[in-house]
Amino acid sequence: MKSKRIAITSVAIFIIGFLVYALFGQEYLYARSFASELYEYPLPDKTKVTERNFDYGVLFGGGPSGSGGYPTVASYIEIESELSEKELYDYYNKGNVFSAPGEDAKRVGFEIYFAGHYHKQIEEGKVWFEGDIQPGELGSQKNDGKPIKAIVQIRAEFSYPFFIDFF
């Protein structure tokens, strides 16, 4: 009788633990995995990362086309580089580089923003960048000794197993 009670209690604890993980933990793990793809992407020569971060969530304003109730993840790095704007743009102007979290078929590319061409968005403590993805005339002069700053960002809407839309 006592062993049956222990077995039922163990199963109940396992089910509750699984539900807590499915509802709260998976989203973070998928978002972190997506963000790490950007962090692991090789940097161009004469370039260093000064800051990196990611945020995610449902109803998060960083969605490329509105979240539609799905979680959105935005991952960015702030870089300093002695390369020209044109060289940086050419290096990062690639589409379909990363798989969206949980969806191997959906691919996303880089967004690169230079000073004066972006706005830092902050909503409920979550940060992402928006601006001119194609800023027009890019400087082709190298910046030896005086690095320029830029933002490189990837963002995507995603789903994952056991996703439940509460909104």
# chains A, B, ... in the order shown; residues from 1 in each chain; ligands from 1
>>> closest_atom_pairs(of="stretch 69-142 of chain A", to="stretch 10-30 of chain A", cutoff="12 Å", atoms="only C-alpha atoms", output="Markdown table")
| residue | atom | partner | partner_atom | distance |
| --- | --- | --- | --- | --- |
| A:Tyr70 | CA | A:Glu27 | CA | 10.5 |
| A:Pro71 | CA | A:Glu27 | CA | 7.8 |
| A:Thr72 | CA | A:Glu27 | CA | 9.7 |
| A:Val73 | CA | A:Tyr30 | CA | 9.0 |
| A:Ala74 | CA | A:Tyr30 | CA | 11.9 |
| A:Ser99 | CA | A:Tyr30 | CA | 11.2 |
| A:Ala100 | CA | A:Tyr30 | CA | 9.3 |
| A:Pro101 | CA | A:Tyr30 | CA | 5.7 |
| A:Gly102 | CA | A:Tyr30 | CA | 7.1 |
| A:Glu103 | CA | A:Tyr30 | CA | 10.5 |
>>> select_by_dssp(residues="stretch 3-167 of chain A", states="strand (DSSP E)", output="PyMOL selection string")
chain A and resi 47-57+72-81+98-100+103-108+111-114+118-123+126-131+148-157
>>> residues_around(residues="A:Tyr39", least_positions_apart="3", cutoff="8 Å", atoms="only C-alpha atoms", output="MDAnalysis selection string")
chainID A and resid 35:36 52 77
>>> write_last_selection(atoms="C-alpha atoms", output="short mmCIF file (atom, residue, chain, number, x, y, z; two decimals), in the first residue's frame")
data_model
loop_
_atom_site.label_atom_id
_atom_site.label_comp_id
_atom_site.auth_asym_id
_atom_site.auth_seq_id
_atom_site.Cartn_x
_atom_site.Cartn_y
_atom_site.Cartn_z
CA ALA A 35 20.85 33.61 -29.96
CA SER A 36 23.98 31.51 -29.58
CA ARG A 52 25.61 41.06 -26.89
CA ILE A 77 25.64 42.08 -31.02
#
>>> closest_residue(among="A:Glu80, A:Asn96, A:Glu137, A:Leu38", to="A:His117", atoms="only C-alpha atoms")
A:Glu137
>>> select_by_dssp(residues="chain A", states="alpha helix (DSSP H)", output="NGL selection string")
:A and (2-20 or 26-40 or 85-92)
>>> write_last_selection(atoms="N, CA and C atoms", output="compact mmCIF listing (two decimals), in the first residue's frame")
# COMPACT_ATOMS: atom_id res chain seq x y z
N LYS A 2 1.93 1.25 0.84
CA LYS A 2 2.81 2.41 0.93
C LYS A 2 3.60 2.60 -0.36
N SER A 3 4.05 1.51 -0.99
CA SER A 3 4.80 1.62 -2.24
C SER A 3 3.92 2.13 -3.38
N LYS A 4 2.64 1.77 -3.36
CA LYS A 4 1.71 2.27 -4.38
C LYS A 4 1.53 3.79 -4.22
N ARG A 5 1.44 4.23 -2.99
CA ARG A 5 1.29 5.66 -2.70
C ARG A 5 2.53 6.44 -3.16
N ILE A 6 3.71 5.88 -2.91
CA ILE A 6 4.96 6.51 -3.34
C ILE A 6 5.02 6.57 -4.87
N ALA A 7 4.60 5.51 -5.54
CA ALA A 7 4.61 5.48 -7.00
C ALA A 7 3.67 6.54 -7.57
N ILE A 8 2.47 6.65 -7.02
CA ILE A 8 1.49 7.64 -7.50
C ILE A 8 2.02 9.06 -7.25
N THR A 9 2.60 9.29 -6.08
CA THR A 9 3.18 10.60 -5.77
C THR A 9 4.33 10.93 -6.72
N SER A 10 5.17 9.96 -7.01
CA SER A 10 6.29 10.17 -7.93
C SER A 10 5.81 10.51 -9.33
N VAL A 11 4.79 9.80 -9.81
CA VAL A 11 4.23 10.07 -11.13
C VAL A 11 3.63 11.47 -11.16
N ALA A 12 2.90 11.85 -10.11
CA ALA A 12 2.30 13.18 -10.05
C ALA A 12 3.37 14.27 -10.07
N ILE A 13 4.44 14.08 -9.32
CA ILE A 13 5.54 15.06 -9.30
C ILE A 13 6.19 15.15 -10.67
N PHE A 14 6.40 14.02 -11.33
CA PHE A 14 6.98 14.01 -12.67
C PHE A 14 6.09 14.77 -13.65
N ILE A 15 4.79 14.51 -13.63
CA ILE A 15 3.86 15.18 -14.55
C ILE A 15 3.84 16.68 -14.30
N ILE A 16 3.78 17.09 -13.05
CA ILE A 16 3.78 18.52 -12.73
C ILE A 16 5.10 19.16 -13.16
N GLY A 17 6.22 18.50 -12.91
CA GLY A 17 7.52 19.02 -13.34
C GLY A 17 7.61 19.15 -14.85
N PHE A 18 7.11 18.16 -15.57
CA PHE A 18 7.12 18.22 -17.03
C PHE A 18 6.26 19.38 -17.53
N LEU A 19 5.09 19.57 -16.95
CA LEU A 19 4.22 20.68 -17.37
C LEU A 19 4.87 22.03 -17.09
N VAL A 20 5.50 22.18 -15.95
CA VAL A 20 6.20 23.44 -15.64
C VAL A 20 7.31 23.69 -16.65
N GLN A 26 10.95 25.67 -21.91
CA GLN A 26 11.31 25.40 -23.30
C GLN A 26 11.53 26.67 -24.11
N GLU A 27 10.68 27.65 -23.91
CA GLU A 27 10.78 28.89 -24.68
C GLU A 27 12.16 29.52 -24.51
N TYR A 28 12.65 29.59 -23.27
CA TYR A 28 13.97 30.16 -23.01
C TYR A 28 15.06 29.35 -23.69
N LEU A 29 14.99 28.03 -23.61
CA LEU A 29 16.02 27.19 -24.21
C LEU A 29 16.07 27.35 -25.72
N TYR A 30 14.90 27.42 -26.37
CA TYR A 30 14.87 27.63 -27.82
C TYR A 30 15.43 29.01 -28.17
N ALA A 31 15.05 30.04 -27.42
CA ALA A 31 15.53 31.40 -27.69
C ALA A 31 17.04 31.49 -27.48
N ARG A 32 17.54 30.90 -26.40
CA ARG A 32 18.98 30.94 -26.12
C ARG A 32 19.77 30.21 -27.19
N SER A 33 19.25 29.10 -27.66
CA SER A 33 19.93 28.34 -28.72
C SER A 33 20.02 29.16 -30.00
N PHE A 34 18.94 29.85 -30.35
CA PHE A 34 18.92 30.71 -31.54
C PHE A 34 19.92 31.85 -31.38
N ALA A 35 19.93 32.49 -30.22
CA ALA A 35 20.85 33.61 -29.96
C ALA A 35 22.30 33.16 -30.05
N SER A 36 22.60 31.97 -29.57
CA SER A 36 23.98 31.51 -29.58
C SER A 36 24.51 31.29 -31.00
N GLU A 37 23.61 31.07 -31.96
CA GLU A 37 24.06 30.94 -33.35
C GLU A 37 24.70 32.24 -33.83
N LEU A 38 24.13 33.38 -33.45
CA LEU A 38 24.72 34.67 -33.82
C LEU A 38 26.05 34.87 -33.10
N TYR A 39 26.10 34.54 -31.83
CA TYR A 39 27.32 34.73 -31.05
C TYR A 39 28.47 33.88 -31.57
N GLU A 40 28.16 32.71 -32.11
CA GLU A 40 29.19 31.80 -32.61
C GLU A 40 29.58 32.08 -34.06
N GLU A 85 32.01 50.77 -43.67
CA GLU A 85 30.59 50.39 -43.61
C GLU A 85 30.25 49.42 -44.72
N LYS A 86 30.76 49.69 -45.92
CA LYS A 86 30.47 48.83 -47.06
C LYS A 86 31.00 47.42 -46.85
N GLU A 87 32.21 47.29 -46.32
CA GLU A 87 32.78 45.96 -46.06
C GLU A 87 31.96 45.20 -45.02
N LEU A 88 31.55 45.89 -43.96
CA LEU A 88 30.72 45.24 -42.95
C LEU A 88 29.37 44.84 -43.53
N TYR A 89 28.77 45.74 -44.30
CA TYR A 89 27.47 45.45 -44.90
C TYR A 89 27.58 44.25 -45.84
N ASP A 90 28.60 44.22 -46.66
CA ASP A 90 28.79 43.09 -47.59
C ASP A 90 29.02 41.78 -46.83
N TYR A 91 29.73 41.85 -45.72
CA TYR A 91 30.00 40.64 -44.93
C TYR A 91 28.72 40.07 -44.32
N TYR A 92 27.86 40.96 -43.81
CA TYR A 92 26.66 40.51 -43.11
C TYR A 92 25.40 40.51 -43.97
>>> closest_residue(among="A:Phe158, A:Phe98, A:Tyr76, A:Phe114", to="A:Phe54", atoms="only C-alpha atoms")
A:Tyr76
>>> atom_distance(atom1="atom CA of A:Trp128", atom2="atom CA of A:Lys46")
25.0 Å
>>> closest_residue(among="A:Leu43, A:Val49, A:Ile148, A:Ile112", to="A:Gly131", atoms="only C-alpha atoms")
A:Ile112
>>> atom_distance(atom1="atom CA of A:Lys142", atom2="atom CA of A:Asn53")
27.2 Å
>>> residues_around(residues="A:Ala115", least_positions_apart="4", cutoff="12 Å", atoms="only C-alpha atoms", output="list in words")
Glu78, Ile79, Glu80, Glu85, His119, Lys120, Phe129, Gly131, Asp132, Ile133, Pro135, Leu138, Gly139, Pro147, Ile148, Lys149, Ala150, Ile151 and Val152 of chain A
>>> atom_distance(atom1="atom CA of A:Gly109", atom2="atom CA of A:Arg155")
8.4 Å
